[in-house]
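Data block for entry_17.csv (CSV, C-alpha atoms):
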```
chain,number,residue,atom,x,y,z
T,28,MET,CA,118.2,67.0,49.3
T,29,ALA,CA,121.6,66.1,50.9
T,30,ASN,CA,123.3,63.1,49.4
T,31,PRO,CA,122.3,59.9,51.1
T,32,ILE,CA,124.9,58.3,53.4
T,33,CYS,CA,125.8,54.9,51.9
T,34,TYR,CA,127.6,52.1,53.7
T,35,ASP,CA,128.8,49.0,51.9
T,36,ILE,CA,128.2,46.5,54.7
T,37,ALA,CA,128.5,43.2,53.0
T,38,ASN,CA,129.4,41.5,49.7
T,39,ALA,CA,126.1,39.7,49.9
T,40,PRO,CA,122.4,40.6,49.9
T,41,ILE,CA,121.2,42.2,53.2
T,42,THR,CA,117.9,40.5,53.9
T,43,ALA,CA,117.0,42.6,57.0
T,44,HIS,CA,118.4,45.5,59.1
T,45,SER,CA,117.6,47.5,62.3
T,46,PHE,CA,119.2,50.5,64.0
T,47,ASN,CA,119.3,51.4,67.7
T,48,LYS,CA,121.2,54.5,68.6
T,49,ASN,CA,124.8,53.8,67.5
T,50,LYS,CA,124.3,50.2,66.8
T,51,LEU,CA,123.2,48.4,63.6
T,52,VAL,CA,122.2,44.7,63.2
T,53,VAL,CA,122.0,43.1,59.8
T,54,CYS,CA,121.6,39.7,58.2
T,55,PRO,CA,123.9,39.1,55.1
T,56,ASN,CA,121.6,36.4,53.8
T,57,THR,CA,123.0,33.8,56.1
T,58,ASN,CA,122.0,32.1,59.4
T,59,ASP,CA,124.0,34.7,61.4
T,60,ALA,CA,123.2,38.3,62.4
T,61,HIS,CA,126.0,40.8,62.6
T,62,VAL,CA,125.9,43.6,65.2
T,63,TYR,CA,127.9,46.7,64.3
T,64,GLU,CA,128.8,49.8,66.3
T,65,HIS,CA,129.3,53.2,64.8
T,66,GLU,CA,132.8,54.6,65.4
T,67,GLY,CA,133.8,57.8,63.7
T,68,SER,CA,132.5,57.4,60.1
T,69,ASN,CA,132.6,53.7,59.9
T,70,TRP,CA,130.7,50.7,61.3
T,71,THR,CA,132.8,48.2,63.4
T,72,LEU,CA,131.7,44.6,63.8
T,73,GLU,CA,130.9,44.2,67.5
T,74,ALA,CA,129.4,40.7,67.6
T,75,THR,CA,128.0,37.9,65.5
T,76,LEU,CA,124.8,36.3,66.7
T,77,LYS,CA,125.0,32.6,66.1
T,78,GLY,CA,122.1,30.2,66.8
T,79,HIS,CA,119.9,29.8,63.8
T,80,ASP,CA,120.4,26.8,61.4
T,81,LYS,CA,119.0,28.5,58.3
T,82,VAL,CA,118.8,31.9,56.8
T,83,ILE,CA,117.5,34.7,59.1
T,84,THR,CA,114.5,36.3,57.5
T,85,SER,CA,113.8,39.3,59.8
T,86,ILE,CA,115.3,41.3,62.6
T,87,ASP,CA,114.0,44.0,65.0
T,88,PHE,CA,116.0,46.0,67.6
T,89,ALA,CA,114.0,47.2,70.6
T,90,PRO,CA,115.1,50.8,71.2
T,91,ASN,CA,114.3,51.0,74.9
T,92,THR,CA,115.1,47.5,76.2
T,93,ASN,CA,118.1,47.1,73.8
T,94,ARG,CA,116.9,43.6,72.9
T,95,ILE,CA,117.2,42.1,69.5
T,96,VAL,CA,114.7,39.6,68.1
T,97,THR,CA,115.5,37.4,65.1
T,98,CYS,CA,113.5,34.8,63.2
T,99,SER,CA,114.6,32.4,60.6
T,100,GLN,CA,113.7,29.8,58.0
T,101,ASP,CA,114.6,27.2,60.7
T,102,ARG,CA,111.1,27.9,62.3
T,103,ASN,CA,112.7,29.5,65.3
T,104,ALA,CA,113.1,32.9,66.9
T,105,TYR,CA,115.5,34.2,69.5
T,106,VAL,CA,115.5,37.2,71.8
T,107,TRP,CA,119.1,38.4,72.3
T,108,THR,CA,120.0,40.3,75.4
T,109,GLN,CA,123.4,42.0,76.0
T,110,GLU,CA,125.2,40.9,79.1
T,111,PRO,CA,127.3,43.2,81.2
T,112,ASP,CA,130.5,41.8,79.6
T,113,GLY,CA,129.2,42.8,76.1
T,114,THR,CA,128.2,39.4,74.9
T,115,TRP,CA,124.8,38.6,73.5
T,116,LYS,CA,122.8,35.9,75.1
T,117,PRO,CA,119.9,34.2,73.2
T,118,GLY,CA,116.5,33.6,74.9
T,119,LEU,CA,114.3,30.7,74.1
T,120,VAL,CA,111.1,31.4,72.2
T,121,LEU,CA,108.3,28.8,71.9
T,122,LEU,CA,106.8,29.6,68.5
T,123,ARG,CA,105.1,26.2,67.9
T,124,ILE,CA,105.1,26.5,64.1
T,125,ASN,CA,106.0,23.9,61.4
T,126,ARG,CA,107.0,26.3,58.6
T,127,ALA,CA,109.5,29.1,58.2
T,128,ALA,CA,109.2,32.2,60.3
T,129,THR,CA,109.1,35.1,57.8
T,130,TYR,CA,108.8,38.4,59.7
T,131,VAL,CA,109.1,39.8,63.2
T,132,ARG,CA,108.4,43.1,65.0
T,133,TRP,CA,108.4,44.3,68.6
T,134,SER,CA,105.2,45.9,69.9
T,135,PRO,CA,105.4,49.6,70.7
T,136,ASN,CA,105.8,49.0,74.5
T,137,GLU,CA,108.3,46.1,73.8
T,138,GLU,CA,106.5,43.7,76.1
T,139,LYS,CA,105.6,41.3,73.3
T,140,PHE,CA,106.5,40.7,69.7
T,141,ALA,CA,104.8,39.1,66.7
T,142,VAL,CA,106.2,36.5,64.3
T,143,ALA,CA,104.7,35.8,60.9
T,144,SER,CA,105.1,32.4,59.4
T,145,GLY,CA,104.5,30.0,56.5
T,146,SER,CA,102.2,28.0,58.9
T,147,ARG,CA,99.3,30.3,58.1
T,148,CYS,CA,99.4,31.9,61.5
T,149,ILE,CA,101.0,34.7,63.5
T,150,ALA,CA,102.7,33.9,66.8
T,151,VAL,CA,102.2,36.7,69.4
T,152,CYS,CA,104.9,36.2,71.9
T,153,TYR,CA,105.2,37.3,75.6
T,154,PHE,CA,107.6,36.6,78.4
T,155,GLU,CA,106.8,34.1,81.1
T,156,GLU,CA,109.1,34.8,84.1
T,157,ASP,CA,108.3,31.5,85.9
T,158,ASN,CA,109.7,29.5,83.0
T,159,ASP,CA,112.2,32.0,81.8
T,160,TRP,CA,111.1,31.8,78.1
T,161,TRP,CA,108.9,33.5,75.6
T,162,ALA,CA,105.6,31.8,75.1
T,163,SER,CA,103.2,32.4,72.2
T,164,LYS,CA,99.5,32.5,71.2
T,165,HIS,CA,98.5,32.0,67.6
T,166,VAL,CA,96.4,34.2,65.4
T,167,LYS,CA,95.1,31.8,62.8
T,168,LYS,CA,91.7,32.3,61.3
T,169,PRO,CA,91.0,33.3,58.5
T,170,ILE,CA,94.6,33.3,57.2
T,171,ARG,CA,94.9,31.0,54.1
T,172,SER,CA,98.6,31.3,53.2
T,173,THR,CA,102.0,32.5,54.3
T,174,VAL,CA,102.1,35.7,56.3
T,175,LEU,CA,104.7,38.0,54.7
T,176,SER,CA,104.6,41.2,56.8
T,177,LEU,CA,103.3,42.8,60.0
T,178,ASP,CA,102.9,46.1,61.7
T,179,TRP,CA,101.7,47.2,65.1
T,180,HIS,CA,99.0,49.8,65.8
T,181,PRO,CA,100.1,52.5,68.2
T,182,ASN,CA,97.8,51.1,70.9
T,183,ASN,CA,99.9,48.0,71.3
T,184,VAL,CA,97.0,45.7,70.7
T,185,LEU,CA,95.9,45.8,67.1
T,186,LEU,CA,98.2,44.0,64.6
T,187,ALA,CA,98.1,44.4,60.8
T,188,ALA,CA,99.2,41.4,58.6
T,189,GLY,CA,99.8,41.0,54.8
T,190,SER,CA,99.9,37.6,53.4
T,191,ALA,CA,100.3,35.6,50.2
T,192,ASP,CA,96.5,35.0,50.0
T,193,MET,CA,96.3,38.5,48.6
T,194,LYS,CA,94.7,39.9,51.8
T,195,ALA,CA,95.6,42.6,54.3
T,196,ARG,CA,94.0,42.1,57.7
T,197,VAL,CA,93.8,43.8,61.1
T,198,PHE,CA,93.7,41.5,64.1
T,199,SER,CA,93.4,42.0,67.8
T,200,SER,CA,96.4,40.6,69.8
T,201,PHE,CA,95.0,41.4,73.2
T,202,ILE,CA,96.5,39.1,75.9
T,203,LYS,CA,94.6,39.0,79.2
T,204,GLY,CA,96.7,39.8,82.2
T,205,LEU,CA,99.4,41.5,80.0
T,206,ASP,CA,97.7,44.2,78.0
T,207,LYS,CA,95.5,47.0,79.4
T,208,LYS,CA,92.1,47.4,77.8
T,209,PRO,CA,92.6,49.8,74.9
T,210,ALA,CA,90.5,52.8,74.2
T,211,PRO,CA,87.9,52.4,71.3
T,212,THR,CA,89.4,53.0,67.9
T,213,VAL,CA,88.0,53.3,64.3
T,214,TRP,CA,88.8,49.5,64.1
T,215,GLY,CA,86.4,48.6,66.9
T,216,ASP,CA,86.0,48.5,70.7
T,217,LYS,CA,85.5,44.9,71.5
T,218,LEU,CA,88.9,43.2,71.0
T,219,PRO,CA,89.3,39.7,72.3
T,220,PHE,CA,92.3,37.8,71.0
T,221,ASN,CA,92.1,36.8,67.3
T,222,THR,CA,89.3,39.2,66.5
T,223,VAL,CA,89.4,40.1,62.8
T,224,CYS,CA,88.8,43.9,62.8
T,225,ALA,CA,89.0,44.4,59.1
T,226,GLU,CA,90.0,42.5,55.9
T,227,PHE,CA,91.0,44.0,52.6
T,228,SER,CA,91.6,42.4,49.2
T,229,ASN,CA,94.3,43.5,46.8
T,230,GLY,CA,92.3,44.4,43.8
T,231,ARG,CA,94.3,42.8,40.9
T,232,GLY,CA,95.6,39.8,42.8
T,233,GLY,CA,99.1,40.4,44.0
T,234,TRP,CA,100.3,39.0,47.3
T,235,ILE,CA,101.0,41.6,50.0
T,236,HIS,CA,104.6,42.5,50.5
T,237,SER,CA,104.2,45.1,53.2
T,238,VAL,CA,101.6,46.7,55.6
T,239,ALA,CA,101.9,49.8,57.6
T,240,PHE,CA,99.6,51.7,60.1
T,241,SER,CA,99.5,55.5,59.8
T,242,PRO,CA,100.9,57.5,62.7
T,243,SER,CA,97.4,57.9,64.2
T,244,GLY,CA,96.5,54.3,63.5
T,245,ASP,CA,93.4,55.3,61.6
T,246,ARG,CA,94.6,54.2,58.2
T,247,LEU,CA,96.3,51.1,56.8
T,248,ALA,CA,98.6,51.1,53.8
T,249,PHE,CA,99.6,47.9,52.0
T,250,ALA,CA,101.7,47.2,49.0
T,251,GLY,CA,101.1,44.3,46.6
T,252,HIS,CA,103.1,42.4,44.0
T,253,ASP,CA,100.8,43.8,41.4
T,254,ALA,CA,102.6,47.1,41.6
T,255,THR,CA,99.8,48.9,43.6
T,256,ILE,CA,99.7,50.6,46.9
T,257,ASN,CA,96.4,50.8,48.7
T,258,VAL,CA,95.4,53.1,51.6
T,259,ALA,CA,92.4,51.7,53.6
T,260,VAL,CA,90.2,53.7,55.8
T,261,PRO,CA,87.8,51.8,58.1
T,262,GLY,CA,84.2,52.7,58.2
T,263,ALA,CA,81.1,51.9,60.3
T,264,ASP,CA,79.5,48.5,59.8
T,265,GLY,CA,82.3,47.3,57.7
T,266,ALA,CA,81.9,49.9,55.0
T,267,HIS,CA,85.6,50.4,54.5
T,268,LEU,CA,87.1,52.7,51.9
T,269,VAL,CA,90.2,51.6,49.9
T,270,TYR,CA,92.1,54.1,47.8
T,271,ALA,CA,94.4,52.5,45.2
T,272,VAL,CA,97.6,54.0,43.8
T,273,ASP,CA,98.7,52.4,40.5
T,274,PHE,CA,102.5,52.3,39.8
T,275,THR,CA,103.9,52.7,36.3
T,276,SER,CA,107.0,50.9,37.5
T,277,LEU,CA,107.9,47.9,39.6
T,278,PRO,CA,106.3,46.8,42.9
T,279,CYS,CA,107.3,48.0,46.4
T,280,ARG,CA,108.6,45.5,48.9
T,281,SER,CA,108.5,47.8,52.0
T,282,LEU,CA,106.4,50.8,53.2
T,283,ILE,CA,106.6,53.3,56.0
T,284,TRP,CA,104.6,56.4,56.8
T,285,ALA,CA,106.4,59.8,57.0
T,286,ASN,CA,103.3,61.6,58.3
T,287,GLU,CA,99.5,61.3,57.9
T,288,ARG,CA,99.6,62.2,54.3
T,289,GLN,CA,102.9,60.9,53.0
T,290,LEU,CA,104.3,57.4,52.5
T,291,VAL,CA,107.7,56.2,51.5
T,292,GLY,CA,107.9,52.9,49.6
T,293,ALA,CA,110.9,51.0,48.1
T,294,GLY,CA,111.4,47.7,46.3
T,295,PHE,CA,112.2,46.4,42.9
T,296,ASP,CA,112.8,49.9,41.4
T,297,CYS,CA,116.0,50.2,43.5
T,298,ALA,CA,114.9,53.7,44.7
T,299,PRO,CA,112.7,55.1,47.5
T,300,ILE,CA,109.4,56.5,46.2
T,301,LEU,CA,107.1,59.2,47.7
T,302,ILE,CA,103.4,58.6,47.7
T,303,GLU,CA,101.2,61.4,49.0
T,304,SER,CA,97.7,62.9,49.2
T,305,LYS,CA,96.6,66.5,49.5
T,306,ASP,CA,93.0,65.7,50.5
T,307,ASP,CA,93.2,62.2,52.1
T,308,VAL,CA,91.3,60.8,49.1
T,309,ASN,CA,93.4,61.2,46.0
T,310,TRP,CA,96.7,59.4,46.5
T,311,ASN,CA,99.4,59.5,43.9
T,312,VAL,CA,103.1,58.8,43.3
T,313,ALA,CA,104.9,62.1,43.7
T,314,GLY,CA,108.3,60.9,42.5
T,315,SER,CA,111.5,59.3,43.5
T,316,LEU,CA,113.4,60.4,46.6
T,317,ASP,CA,116.7,59.3,45.0
T,318,VAL,CA,117.8,62.2,42.7
T,319,GLY,CA,120.1,59.8,40.9
T,320,LYS,CA,123.7,60.0,39.8
T,321,LYS,CA,125.2,61.5,36.7
T,322,LYS,CA,127.7,59.4,34.9
T,323,THR,CA,131.0,60.9,33.7
T,324,ALA,CA,132.7,59.8,30.6
T,325,ALA,CA,136.1,58.3,31.2
T,326,VAL,CA,138.8,57.7,28.6
T,327,SER,CA,140.4,54.3,29.0
T,328,SER,CA,142.7,52.2,27.0
T,329,VAL,CA,141.5,49.0,25.2
T,330,MET,CA,143.5,46.9,27.7
T,331,ASN,CA,141.8,48.6,30.7
T,332,ARG,CA,138.3,48.0,29.1
T,333,PHE,CA,139.1,44.4,28.5
T,334,LYS,CA,140.3,43.9,32.1
T,335,SER,CA,137.2,45.5,33.4
T,336,MET,CA,135.0,43.3,31.2
T,337,ASP,CA,136.9,40.2,32.3
T,338,SER,CA,136.6,40.9,36.0
T,339,ARG,CA,132.9,41.4,35.7
T,340,GLY,CA,132.3,38.4,33.4
T,341,GLN,CA,130.9,40.5,30.6
T,342,SER,CA,131.0,39.8,26.9
T,343,SER,CA,130.6,43.4,26.0
T,344,ASP,CA,131.6,46.8,27.5
T,345,GLN,CA,128.0,47.9,27.9
T,346,ASP,CA,127.6,49.8,31.2
T,347,THR,CA,125.3,48.1,33.7
T,348,VAL,CA,125.6,50.6,36.5
T,349,LEU,CA,122.3,52.0,37.5
T,350,LEU,CA,121.8,55.7,38.2
T,351,THR,CA,120.3,55.0,41.6
T,352,THR,CA,122.1,54.8,44.9
T,353,HIS,CA,121.1,51.2,45.4
T,354,GLN,CA,122.3,48.9,42.5
T,355,ASN,CA,119.7,46.2,43.1
T,356,THR,CA,116.3,45.6,44.8
T,357,ILE,CA,115.7,47.3,48.1
T,358,ASN,CA,114.5,44.7,50.6
T,359,GLU,CA,113.5,47.0,53.5
T,360,VAL,CA,112.8,50.6,54.4
T,361,ARG,CA,112.7,51.7,58.1
T,362,VAL,CA,112.5,54.8,60.2
T,363,PHE,CA,115.9,56.0,61.2
T,364,SER,CA,115.1,59.3,63.0
T,365,GLY,CA,112.1,61.4,63.8
T,366,SER,CA,108.7,60.4,65.1
T,367,ARG,CA,105.9,58.4,63.6
T,368,ASP,CA,104.1,61.5,62.4
T,369,ASN,CA,107.2,63.6,61.5
T,370,LEU,CA,109.9,61.5,59.7
T,371,SER,CA,113.2,63.2,59.3
T,372,GLN,CA,115.5,60.3,58.1
T,373,PHE,CA,114.9,56.7,57.0
T,374,SER,CA,117.2,53.8,56.1
T,375,THR,CA,117.1,51.1,53.4
T,376,CYS,CA,118.9,47.9,52.8
T,377,GLY,CA,119.2,46.0,49.6
T,378,VAL,CA,120.4,43.0,47.6
T,379,ASP,CA,123.5,45.0,46.7
T,380,GLY,CA,124.8,44.7,50.2
T,381,LYS,CA,124.3,48.4,51.0
T,382,VAL,CA,122.7,50.1,54.0
T,383,VAL,CA,121.7,53.7,53.1
T,384,ILE,CA,120.5,56.5,55.3
T,385,TRP,CA,118.3,59.1,53.6
T,386,ASP,CA,117.1,62.6,54.6
T,387,PHE,CA,113.4,62.9,54.1
T,388,ASP,CA,113.1,66.0,51.9
T,389,PRO,CA,110.0,65.9,49.6
T,390,SER,CA,111.0,69.3,48.2
T,391,THR,CA,113.6,67.6,45.9
T,392,LEU,CA,112.1,64.8,43.8
T,393,SER,CA,113.1,63.0,40.7
T,394,VAL,CA,109.7,62.8,39.0
T,395,ASP,CA,110.8,60.9,35.9
T,396,LEU,CA,111.4,57.4,37.3
T,397,ALA,CA,112.4,56.1,33.9
T,398,SER,CA,115.4,58.4,33.8
T,399,LEU,CA,116.9,56.4,36.6
T,400,ARG,CA,117.4,53.5,34.2
T,401,ILE,CA,115.8,51.0,36.5
```

Any chance you could put this one into structure tokens?
Amino acid sequence: MANPICYDIANAPITAHSFNKNKLVVCPNTNDAHVYEHEGSNWTLEATLKGHDKVITSIDFAPNTNRIVTCSQDRNAYVWTQEPDGTWKPGLVLLRINRAATYVRWSPNEEKFAVASGSRCIAVCYFEEDNDWWASKHVKKPIRSTVLSLDWHPNNVLLAAGSADMKARVFSSFIKGLDKKPAPTVWGDKLPFNTVCAEFSNGRGGWIHSVAFSPSGDRLAFAGHDATINVAVPGADGAHLVYAVDFTSLPCRSLIWANERQLVGAGFDCAPILIESKDDVNWNVAGSLDVGKKKTAAVSSVMNRFKSMDSRGQSSDQDTVLLTTHQNTINEVRVFSGSRDNLSQFSTCGVDGKVVIWDFDPSTLSVDLASLRI
């Protein structure tokens, strides 16, 4: 595997990131979003999106329409459109929620987007030309706690949600007059708005950090705080099958599919992990996609060691550098290049202020996760 490309974007945790061609938008754990443009080998700050009053929790960049959507703890969302002079103009979104917005994603055709919230609902937003704003309809029942993650089905109608009530659910977000009637799927054929197509429990009781539809949309993977990843397959008459993968390490915070039989997860282990199946039934952790770094011994004077300890606020010279590329929790993993069913590169952002681009190469794995000193 080629070495990952690592960018030190900020001296603060990066809570969310999204790429679009040669542009990158990140949130450095503040109420502003920073838009960078790639020039040569570096990222140059192009614009700062100001408008939110509290920390931005999620960002998504629409690849075709070049629009950015952000949501925040201030209970608001904005759709940012780039003007001909290069400035970014915010568009009004009527979320109608009374708790923080936690997660946002554009639908595949980019005509609507969904915003998760602490109000125990999901706001499905669509544009009203007459009023020049984004209106919303709420998916509510039977959500019982904060919604933490979302993912769209390829048909642009079904929406998966993971929440703090330890449930992963699949809803219909069909909006009459906007969406075309979708073809029947394994999740059902009658899909009025707010239809609950499936509901899955996380076996040992952890809240759901991430949900992800497979490239075909016929499976749903979800990661819980109990350090498990589940792969759900819908069945007739509600006889769903759920295959659990137990971790021997820390929980994943984010998931993506690389193809129909492979998943990439990342989180508190500070390294991306490959989960795969050979027969669609037995899922297991194949290993880490971060081969790690080897430390080199350096001879230094007592004075240099003391200066290093003093600058880092340490009382001893014990080395705290991890052998992983990321030096702290990975907040998000996203597709960087390739298709839904054939991932070639993915990106991650973390609490260490780094954005890293990885080549997806399962042929080289670090099987021993403990050797990475996580």

Have a look at T:Gly314, T:Pro389, T:Arg102, T:Ser243 and name the one nearest to Ser366 in chain T; count all atoms listed in the file.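 For Ser366 in chain T, the nearest of the candidates is T:Ser243.
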
Straight-line distance linking CA of Asp368 in chain T with CA of Trp70 in chain T, stated in Å to one decimal: 28.7 Å

Considering all atoms listed in the file, can you say which of T:Pro169, T:Pro261, T:Gly319, T:Pro242 comes closest to Arg288 in chain T?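 Residue with the minimum atom-to-atom distance to Arg288 in chain T: T:Pro242.
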
CA of Cys297 in chain T and CA of Ala195 in chain T, how far apart in Å?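 CA of Cys297 in chain T lies at a distance of 24.3 Å from CA of Ala195 in chain T.
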
Selected residue of minimal separation from Arg94 in chain T among T:Asp206, T:Glu137, T:Asp379, T:Asp80, counting only C-alpha atoms: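 Comparing T:Asp206, T:Glu137, T:Asp379, T:Asp80 against Arg94 in chain T, the winner is T:Glu137.
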
9 Å contact set for range 178-184 of chain T, all atoms listed in the file, chain neighbours under 6 positions out, as a list in words: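 That gives Val131, Arg132, Trp133, Ser134, Pro135, Asn136, Glu137, Ala141, Phe198, Ser199, Ser200, Phe201, Ile202, Asp206, Lys207, Lys208, Pro209, Ala210, Leu218, Ser237, Val238, Ala239, Phe240, Ser241, Pro242, Ser243, Gly244 and Asp245 of chain T.
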
In Å to one decimal, how far is CA of Cys98 in chain T from CA of Asp159 in chain T?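 For CA of Asp159 in chain T relative to CA of Cys98 in chain T, the distance reads 18.9 Å.
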